[in-house]
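Engineer: I'm passing along coords_23.csv; it holds CSV, C-alpha atoms.
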```csv
chain,number,residue,atom,x,y,z
A,222,MET,CA,-74.4,20.4,-22.0
A,223,LYS,CA,-72.6,17.1,-21.2
A,224,VAL,CA,-70.8,17.5,-17.9
A,225,ALA,CA,-68.4,15.1,-16.3
A,226,LEU,CA,-68.3,15.1,-12.5
A,227,LEU,CA,-64.8,15.0,-11.0
A,228,VAL,CA,-65.8,13.3,-7.8
A,229,THR,CA,-62.5,13.7,-5.9
A,230,CYS,CA,-60.9,11.1,-3.7
A,231,LEU,CA,-61.9,12.7,-0.4
A,232,ILE,CA,-65.5,13.2,-1.4
A,233,ASP,CA,-65.7,9.6,-2.7
A,234,ALA,CA,-64.3,8.3,0.6
A,235,TYR,CA,-65.7,10.6,3.2
A,236,ARG,CA,-68.6,12.7,1.8
A,237,PRO,CA,-70.5,11.2,-1.1
A,238,SER,CA,-73.5,13.3,-0.2
A,239,ALA,CA,-71.5,16.3,-1.6
A,240,ALA,CA,-71.2,14.6,-4.9
A,241,ARG,CA,-74.9,13.8,-5.0
A,242,ALA,CA,-75.7,17.4,-4.2
A,243,THR,CA,-73.4,18.6,-7.0
A,244,VAL,CA,-75.2,16.4,-9.5
A,245,ARG,CA,-78.6,17.9,-8.3
A,246,LEU,CA,-77.4,21.4,-8.8
A,247,LEU,CA,-76.0,20.7,-12.2
A,248,GLU,CA,-79.1,18.8,-13.3
A,249,ARG,CA,-81.3,21.7,-12.2
A,250,ALA,CA,-79.2,23.9,-14.4
A,251,GLY,CA,-80.0,21.7,-17.4
A,252,CYS,CA,-76.8,19.7,-17.6
A,253,GLN,CA,-76.5,16.1,-18.5
A,254,VAL,CA,-74.2,14.7,-15.8
A,255,ALA,CA,-72.0,11.6,-16.1
A,256,VAL,CA,-69.5,10.1,-13.7
A,257,PRO,CA,-66.7,8.5,-15.6
A,258,VAL,CA,-64.6,5.9,-14.0
A,259,GLN,CA,-61.8,7.8,-12.3
A,260,ALA,CA,-59.2,7.8,-9.6
A,261,CYS,CA,-56.9,10.5,-8.2
A,262,CYS,CA,-56.1,13.7,-10.1
A,263,GLY,CA,-52.4,13.3,-9.1
A,264,GLN,CA,-52.3,16.3,-6.7
A,265,PRO,CA,-50.6,14.5,-3.7
A,266,ALA,CA,-47.8,13.2,-5.9
A,267,PHE,CA,-47.5,16.5,-7.7
A,268,ASN,CA,-47.3,18.5,-4.4
A,269,ALA,CA,-44.7,16.0,-3.1
A,270,GLY,CA,-42.5,16.7,-6.2
A,271,ASP,CA,-43.0,13.3,-7.8
A,272,ARG,CA,-44.0,14.4,-11.3
A,273,GLU,CA,-43.7,11.0,-12.9
A,274,ALA,CA,-46.1,9.5,-10.3
A,275,ALA,CA,-48.4,12.4,-10.8
A,276,LYS,CA,-48.4,11.9,-14.6
A,277,ALA,CA,-49.1,8.2,-14.2
A,278,VAL,CA,-52.3,8.8,-12.3
A,279,ALA,CA,-53.3,11.9,-14.3
A,280,ARG,CA,-53.2,10.2,-17.7
A,281,PRO,CA,-56.2,7.9,-17.2
A,282,MET,CA,-58.1,10.9,-15.7
A,283,ILE,CA,-57.5,13.0,-18.7
A,284,ALA,CA,-58.6,10.2,-21.0
A,285,ALA,CA,-61.8,9.7,-18.9
A,286,PHE,CA,-62.8,13.3,-19.2
A,287,GLU,CA,-62.2,13.7,-23.0
A,288,GLY,CA,-65.4,14.0,-25.0
A,289,PHE,CA,-67.3,16.1,-22.4
A,290,ASP,CA,-68.3,19.8,-22.8
A,291,ALA,CA,-67.1,20.5,-19.2
A,292,VAL,CA,-65.6,18.9,-16.2
A,293,VAL,CA,-66.8,20.1,-12.8
A,294,ALA,CA,-65.3,19.4,-9.4
A,295,PRO,CA,-66.9,20.3,-6.0
A,296,SER,CA,-63.3,21.1,-4.9
A,297,GLY,CA,-61.0,24.0,-5.6
A,298,SER,CA,-57.9,21.9,-5.1
A,299,CYS,CA,-58.8,19.1,-7.6
A,300,ALA,CA,-60.2,21.6,-10.1
A,301,GLY,CA,-57.1,23.7,-9.7
A,302,MET,CA,-54.9,20.6,-10.2
A,303,ALA,CA,-56.7,19.7,-13.4
A,304,ALA,CA,-57.2,23.2,-14.8
A,305,ARG,CA,-53.9,24.8,-13.9
A,306,HIS,CA,-51.3,22.1,-13.2
A,307,TRP,CA,-52.1,19.3,-15.7
A,308,PRO,CA,-50.9,21.5,-18.6
A,309,ASP,CA,-47.6,22.3,-16.8
A,310,LEU,CA,-47.2,18.7,-15.7
A,311,PHE,CA,-47.3,17.5,-19.4
A,312,ALA,CA,-45.6,20.4,-21.0
A,313,ASP,CA,-42.6,18.2,-21.9
A,314,ASP,CA,-44.7,15.3,-23.0
A,315,PRO,CA,-45.8,15.9,-26.6
A,316,ALA,CA,-48.1,12.9,-26.7
A,317,TRP,CA,-50.2,14.2,-23.8
A,318,ALA,CA,-49.6,18.0,-23.7
A,319,GLU,CA,-52.5,19.0,-26.0
A,320,ARG,CA,-54.9,16.5,-24.4
A,321,ALA,CA,-54.1,17.9,-21.0
A,322,ARG,CA,-54.6,21.4,-22.2
A,323,ALA,CA,-57.9,20.6,-23.8
A,324,VAL,CA,-59.4,19.0,-20.8
A,325,ALA,CA,-57.9,21.7,-18.5
A,326,ALA,CA,-59.6,24.4,-20.5
A,327,ARG,CA,-63.0,22.8,-19.8
A,328,THR,CA,-62.5,22.1,-16.1
A,329,HIS,CA,-64.2,24.3,-13.5
A,330,GLU,CA,-64.8,24.5,-9.8
A,331,LEU,CA,-68.5,24.0,-9.0
A,332,THR,CA,-69.5,27.5,-7.8
A,333,ALA,CA,-67.5,29.2,-10.6
A,334,PHE,CA,-69.2,26.9,-13.2
A,335,LEU,CA,-72.7,27.8,-11.9
A,336,VAL,CA,-72.0,31.5,-11.7
A,337,ASP,CA,-69.4,32.3,-14.4
A,338,VAL,CA,-70.2,29.7,-17.1
A,339,LEU,CA,-73.8,28.7,-16.8
A,340,LYS,CA,-74.9,32.0,-15.1
A,341,ARG,CA,-77.5,30.1,-13.1
A,342,PRO,CA,-77.5,31.2,-9.5
A,343,ASP,CA,-81.3,30.5,-9.6
A,344,VAL,CA,-80.8,26.7,-9.2
A,345,VAL,CA,-80.0,27.0,-5.4
A,346,SER,CA,-82.4,26.0,-2.6
A,347,PRO,CA,-83.0,28.4,0.3
A,348,VAL,CA,-80.3,28.4,2.9
A,349,ALA,CA,-81.5,29.3,6.4
A,350,GLY,CA,-79.6,30.7,9.4
A,351,PRO,CA,-76.3,32.7,9.6
A,352,VAL,CA,-73.5,30.9,7.8
A,353,ALA,CA,-69.8,31.5,7.4
A,354,TYR,CA,-67.8,30.6,4.3
A,355,HIS,CA,-64.2,29.4,4.4
A,356,ASP,CA,-62.2,30.2,1.3
A,357,SER,CA,-59.7,27.4,0.6
A,358,CYS,CA,-56.2,28.3,-0.5
A,359,SER,CA,-56.6,26.3,-3.8
A,360,SER,CA,-60.0,27.9,-4.6
A,361,LEU,CA,-58.6,31.4,-4.1
A,362,ARG,CA,-55.2,31.0,-5.8
A,363,ASP,CA,-55.7,28.3,-8.4
A,364,CYS,CA,-59.3,28.9,-9.4
A,365,ALA,CA,-59.9,32.6,-8.6
A,366,VAL,CA,-63.0,31.6,-6.6
A,367,PHE,CA,-64.1,34.2,-4.0
A,368,ALA,CA,-67.2,36.0,-5.2
A,369,GLN,CA,-68.9,33.0,-6.8
A,370,PRO,CA,-69.9,31.1,-3.6
A,371,ARG,CA,-71.1,34.3,-2.0
A,372,ALA,CA,-73.2,35.1,-5.0
A,373,LEU,CA,-74.9,31.7,-4.8
A,374,LEU,CA,-75.4,32.0,-1.0
A,375,ALA,CA,-76.9,35.5,-1.6
A,376,ALA,CA,-79.3,34.0,-4.2
A,377,ALA,CA,-80.2,31.4,-1.6
A,378,GLY,CA,-81.2,34.1,0.9
A,379,ALA,CA,-78.4,33.2,3.3
A,380,GLN,CA,-77.1,35.6,5.9
A,381,VAL,CA,-73.3,35.4,5.4
A,382,SER,CA,-71.0,36.4,8.2
A,383,GLU,CA,-67.6,37.2,6.9
A,384,VAL,CA,-64.6,35.7,8.6
A,385,ALA,CA,-61.7,37.9,9.7
A,386,ASP,CA,-58.7,37.4,7.3
A,387,PRO,CA,-60.7,35.2,4.9
A,388,GLN,CA,-57.6,34.4,2.9
A,389,ALA,CA,-55.8,32.7,5.8
A,390,CYS,CA,-55.1,29.0,5.5
A,391,CYS,CA,-57.0,26.5,7.7
A,392,GLY,CA,-53.8,24.4,8.2
A,393,PHE,CA,-54.8,21.4,6.1
A,394,GLY,CA,-52.5,21.8,3.1
A,395,GLY,CA,-52.8,18.1,2.0
A,396,LEU,CA,-49.7,16.3,3.2
A,397,PHE,CA,-48.7,19.4,5.2
A,398,CYS,CA,-51.0,18.5,8.1
A,399,VAL,CA,-49.4,15.1,8.3
A,400,LYS,CA,-45.8,16.2,8.0
A,401,HIS,CA,-46.2,19.2,10.4
A,402,PRO,CA,-49.1,18.4,12.7
A,403,ASP,CA,-48.2,20.9,15.4
A,404,VAL,CA,-47.9,23.8,13.0
A,405,SER,CA,-51.1,22.7,11.2
A,406,GLY,CA,-53.0,22.4,14.4
A,407,ALA,CA,-51.9,25.9,15.5
A,408,ILE,CA,-53.1,27.4,12.1
A,409,ALA,CA,-56.4,25.4,12.4
A,410,GLY,CA,-57.0,26.8,15.9
A,411,LYS,CA,-56.7,30.4,14.5
A,412,LYS,CA,-59.2,29.5,11.8
A,413,THR,CA,-61.8,27.9,14.1
A,414,ALA,CA,-61.5,30.8,16.5
A,415,ALA,CA,-62.2,33.2,13.6
A,416,LEU,CA,-65.1,31.2,12.4
A,417,ALA,CA,-66.6,31.0,15.9
A,418,ALA,CA,-66.2,34.8,16.2
A,419,THR,CA,-68.7,35.3,13.3
A,420,GLY,CA,-71.5,33.8,15.4
A,421,ALA,CA,-72.5,31.6,12.4
A,422,GLU,CA,-74.4,28.4,13.1
A,423,VAL,CA,-73.0,26.7,10.0
A,424,VAL,CA,-69.6,26.8,8.3
A,425,LEU,CA,-69.5,26.0,4.6
A,426,ALA,CA,-66.6,25.5,2.2
A,427,GLY,CA,-66.0,24.0,-1.2
A,428,ASP,CA,-63.0,21.8,-0.3
A,429,LEU,CA,-63.5,18.7,1.8
A,430,GLY,CA,-59.9,18.6,3.0
A,431,CYS,CA,-60.4,22.0,4.7
A,432,LEU,CA,-63.8,20.9,6.0
A,433,LEU,CA,-62.4,17.8,7.6
A,434,ASN,CA,-59.6,19.7,9.1
A,435,ILE,CA,-61.8,22.5,10.5
A,436,ALA,CA,-64.5,20.0,11.7
A,437,GLY,CA,-61.9,17.9,13.6
A,438,LYS,CA,-60.3,20.9,15.3
A,439,ALA,CA,-63.7,22.4,16.1
A,440,ARG,CA,-64.9,19.1,17.6
A,441,ARG,CA,-61.8,18.9,19.8
A,442,GLU,CA,-62.3,22.4,21.0
A,443,GLY,CA,-66.0,22.0,21.6
A,444,ARG,CA,-67.1,24.5,19.1
A,445,ALA,CA,-70.9,24.8,18.5
A,446,PHE,CA,-71.0,25.4,14.7
A,447,GLU,CA,-71.8,22.7,12.1
A,448,VAL,CA,-69.5,22.1,9.2
A,449,ARG,CA,-70.9,21.2,5.7
A,450,HIS,CA,-69.9,21.2,2.1
A,451,ILE,CA,-71.5,24.2,0.2
A,452,ALA,CA,-73.0,22.0,-2.4
A,453,GLU,CA,-75.2,20.2,0.2
A,454,ALA,CA,-76.5,23.6,1.5
A,455,LEU,CA,-77.1,25.0,-2.0
A,456,ALA,CA,-78.9,21.8,-3.1
A,457,GLY,CA,-81.1,21.8,0.0
A,458,ASP,CA,-79.8,18.3,1.0
A,459,LEU,CA,-78.9,18.2,4.7
A,460,SER,CA,-79.7,14.6,5.2
A,461,ALA,CA,-76.1,13.6,5.9
A,462,PRO,CA,-74.9,14.5,9.4
A,463,PRO,CA,-72.6,17.5,9.7
A,464,ILE,CA,-69.0,16.7,8.8
A,465,GLY,CA,-67.2,15.3,11.8
A,466,ALA,CA,-70.4,14.7,13.8
A,467,ASP,CA,-70.2,10.9,13.4
A,468,ARG,CA,-66.5,10.5,14.2
```
Here is the file; what I need is its structure written in the form of structure tokens.

Structural biologist:
Amino acid sequence: MKVALLVTCLIDAYRPSAARATVRLLERAGCQVAVPVQACCGQPAFNAGDREAAKAVARPMIAAFEGFDAVVAPSGSCAGMAARHWPDLFADDPAWAERARAVAARTHELTAFLVDVLKRPDVVSPVAGPVAYHDSCSSLRDCAVFAQPRALLAAAGAQVSEVADPQACCGFGGLFCVKHPDVSGAIAGKKTAALAATGAEVVLAGDLGCLLNIAGKARREGRAFEVRHIAEALAGDLSAPPIGADR
């Protein structure tokens, strides 16, 4: 299967190790992985209500991902933007509507792709120590991802400590954390407290925006847990420092 990796802007800028880990997992599952030239999926402009700007950046992304059997993103927010919102974005644009729908139908969040499409939870490496998993809002609501990362962690032999109110937001929300920092910080504090209460040594998630937000708040609070992308843990690649440890 020919798979295109949707790297995402945040992973490209802040956590390329998560992209490399994603490639390792997909290759273990027998996929032929390519990384087309790409930029932003258009989500920031879309969330801000600027549909024309979102279309302008989404068009070259759609073109880049045509011709692949699947598009996989180690991010619920970017996968959700492509799979759910690109078709709506181009609904009134006949020249692009079908192209957007075709690519959207083949776009998947990483853990959902491994579990639901490939049915290959066996590709994971062992994950040691108690871990907690943070469910991002986009993964839950746009991609219906909840059981899949837990299935992969179970296959990896991980002891998963569930977080109280797992559907609660971490406070990131893209531009929300910039526009409303006080509210965002208060929400993040509730999330880090809930994560710390699990007693887990490592916090994992599939969205780097959430991970950066949680790691920053946890560092300022002096929390002891590490923060990592789930792809790194599942691929057995912990060579990069925990998120936020070098900032």

Engineer: When you look at Ala452 of chain A with a cut-off of 6 Å (counting all atoms listed in the file), what residues show up, excluding the ones that are within fewer than 2 positions of it in the same chain? I need them as a list in words.

Structural biologist: Ala239, Ala242, Thr243, His450, Ala454, Leu455 and Ala456 of chain A

Engineer: Tell me, in Å to one decimal, how far atom CA of Val384 of chain A is from atom CA of Pro237 of chain A.

Structural biologist: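 Value for the atom CA of Val384 of chain A-atom CA of Pro237 of chain A distance: 27.0 Å.
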
Engineer: Expressed in Å to a single decimal, how great is the separation between atom CA of Gly288 of chain A and atom CA of Trp307 of chain A?

Structural biologist: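 Separation of atom CA of Gly288 of chain A and atom CA of Trp307 of chain A: 17.1 Å.
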
Engineer: For a test of reading the model, state the distance in Å between atom CA of Val256 of chain A and atom CA of Arg272 of chain A, rounded to one decimal.

Structural biologist: 26.0 Å

Engineer: Return the single residue from A:Thr413, A:Asn268, A:Asn434, A:Ser238 that is closest to Phe446 of chain A, with distances computed using all atoms listed in the file.

Structural biologist: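 Among the listed residues, A:Thr413 lies closest to Phe446 of chain A.
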
Engineer: Pick the closest to Glu442 of chain A from A:Pro315, A:Pro387, A:Pro265, A:Gly406: which is it, counting all atoms listed in the file?

Structural biologist: A:Gly406

Engineer: Sorted by chain and rising residue number, list the residues of segment 316-431 of chain A at most 10 Å from segment 291-306 of chain A (counting only C-alpha atoms), each with its closest atom pair and distance in Å to one decimal, as a tab-separated table.

Structural biologist:
```
residue	atom	partner	partner_atom	distance
A:Ala321	CA	A:Ala303	CA	8.2
A:Arg322	CA	A:Ala304	CA	8.0
A:Ala323	CA	A:Ala304	CA	9.4
A:Val324	CA	A:Ala304	CA	7.6
A:Ala325	CA	A:Ala304	CA	4.1
A:Ala326	CA	A:Ala304	CA	6.3
A:Arg327	CA	A:Ala291	CA	4.7
A:Thr328	CA	A:Val292	CA	4.5
A:His329	CA	A:Val293	CA	5.0
A:Glu330	CA	A:Ala294	CA	5.1
A:Leu331	CA	A:Pro295	CA	5.0
A:Thr332	CA	A:Pro295	CA	7.9
A:Ala333	CA	A:Val293	CA	9.4
A:Phe334	CA	A:Val293	CA	7.2
A:Leu335	CA	A:Val293	CA	9.7
A:Val338	CA	A:Ala291	CA	9.9
A:Asp356	CA	A:Gly297	CA	9.4
A:Ser357	CA	A:Gly297	CA	7.2
A:Cys358	CA	A:Ser298	CA	8.1
A:Ser359	CA	A:Ser298	CA	4.8
A:Ser360	CA	A:Gly297	CA	4.1
A:Leu361	CA	A:Gly297	CA	7.9
A:Arg362	CA	A:Gly301	CA	8.5
A:Asp363	CA	A:Gly301	CA	5.0
A:Cys364	CA	A:Gly301	CA	5.7
A:Ala365	CA	A:Gly297	CA	9.2
A:Val366	CA	A:Gly297	CA	7.9
A:Gly394	CA	A:Ser298	CA	9.8
A:Gly395	CA	A:Ser298	CA	9.5
A:Ala426	CA	A:Ser296	CA	9.0
A:Gly427	CA	A:Ser296	CA	5.4
A:Asp428	CA	A:Ser296	CA	4.7
A:Leu429	CA	A:Ser296	CA	7.1
A:Gly430	CA	A:Ser296	CA	9.0
```

Engineer: Excluding same-chain residues fewer than 6 positions from Pro342 of chain A, what lies within 10 Å of it counting only C-alpha atoms, as a list in words?

Structural biologist: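 Skipping anything fewer than 6 positions along the chain leaves Leu246, Ala250, Thr332, Leu335, Val336, Gln369, Pro370, Ala372, Leu373, Leu374, Ala375, Ala376, Ala377 and Leu455 of chain A.
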
Engineer: Excluding Pro347 of chain A and its own-chain neighbours fewer than 2 positions away, which residues fall within 7 Å of it when counting only C-alpha atoms? Please give them as a ChimeraX atom specification.

Structural biologist: /A:345,349,377-378,457

Engineer: Can you spit out the residues from that selection as a JSON list (two decimals), in the coordinates of the input, using C-alpha atoms?

Structural biologist:
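So part_27.json came out as:
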```
[["chain", "number", "residue", "atom", "x", "y", "z"],
["A", 345, "VAL", "CA", -80.00, 27.00, -5.40],
["A", 349, "ALA", "CA", -81.50, 29.30, 6.40],
["A", 377, "ALA", "CA", -80.20, 31.40, -1.60],
["A", 378, "GLY", "CA", -81.20, 34.10, 0.90],
["A", 457, "GLY", "CA", -81.10, 21.80, 0.00]]
```

Engineer: Within 7 Å of (-58.6, 12.2, -8.6) (coordinates as in the file), grab all the protein and nucleic acid residues, counting all atoms listed in the file, and write them out as a PyMOL selection string.

Structural biologist: chain A and resi 229-230+259-263+299
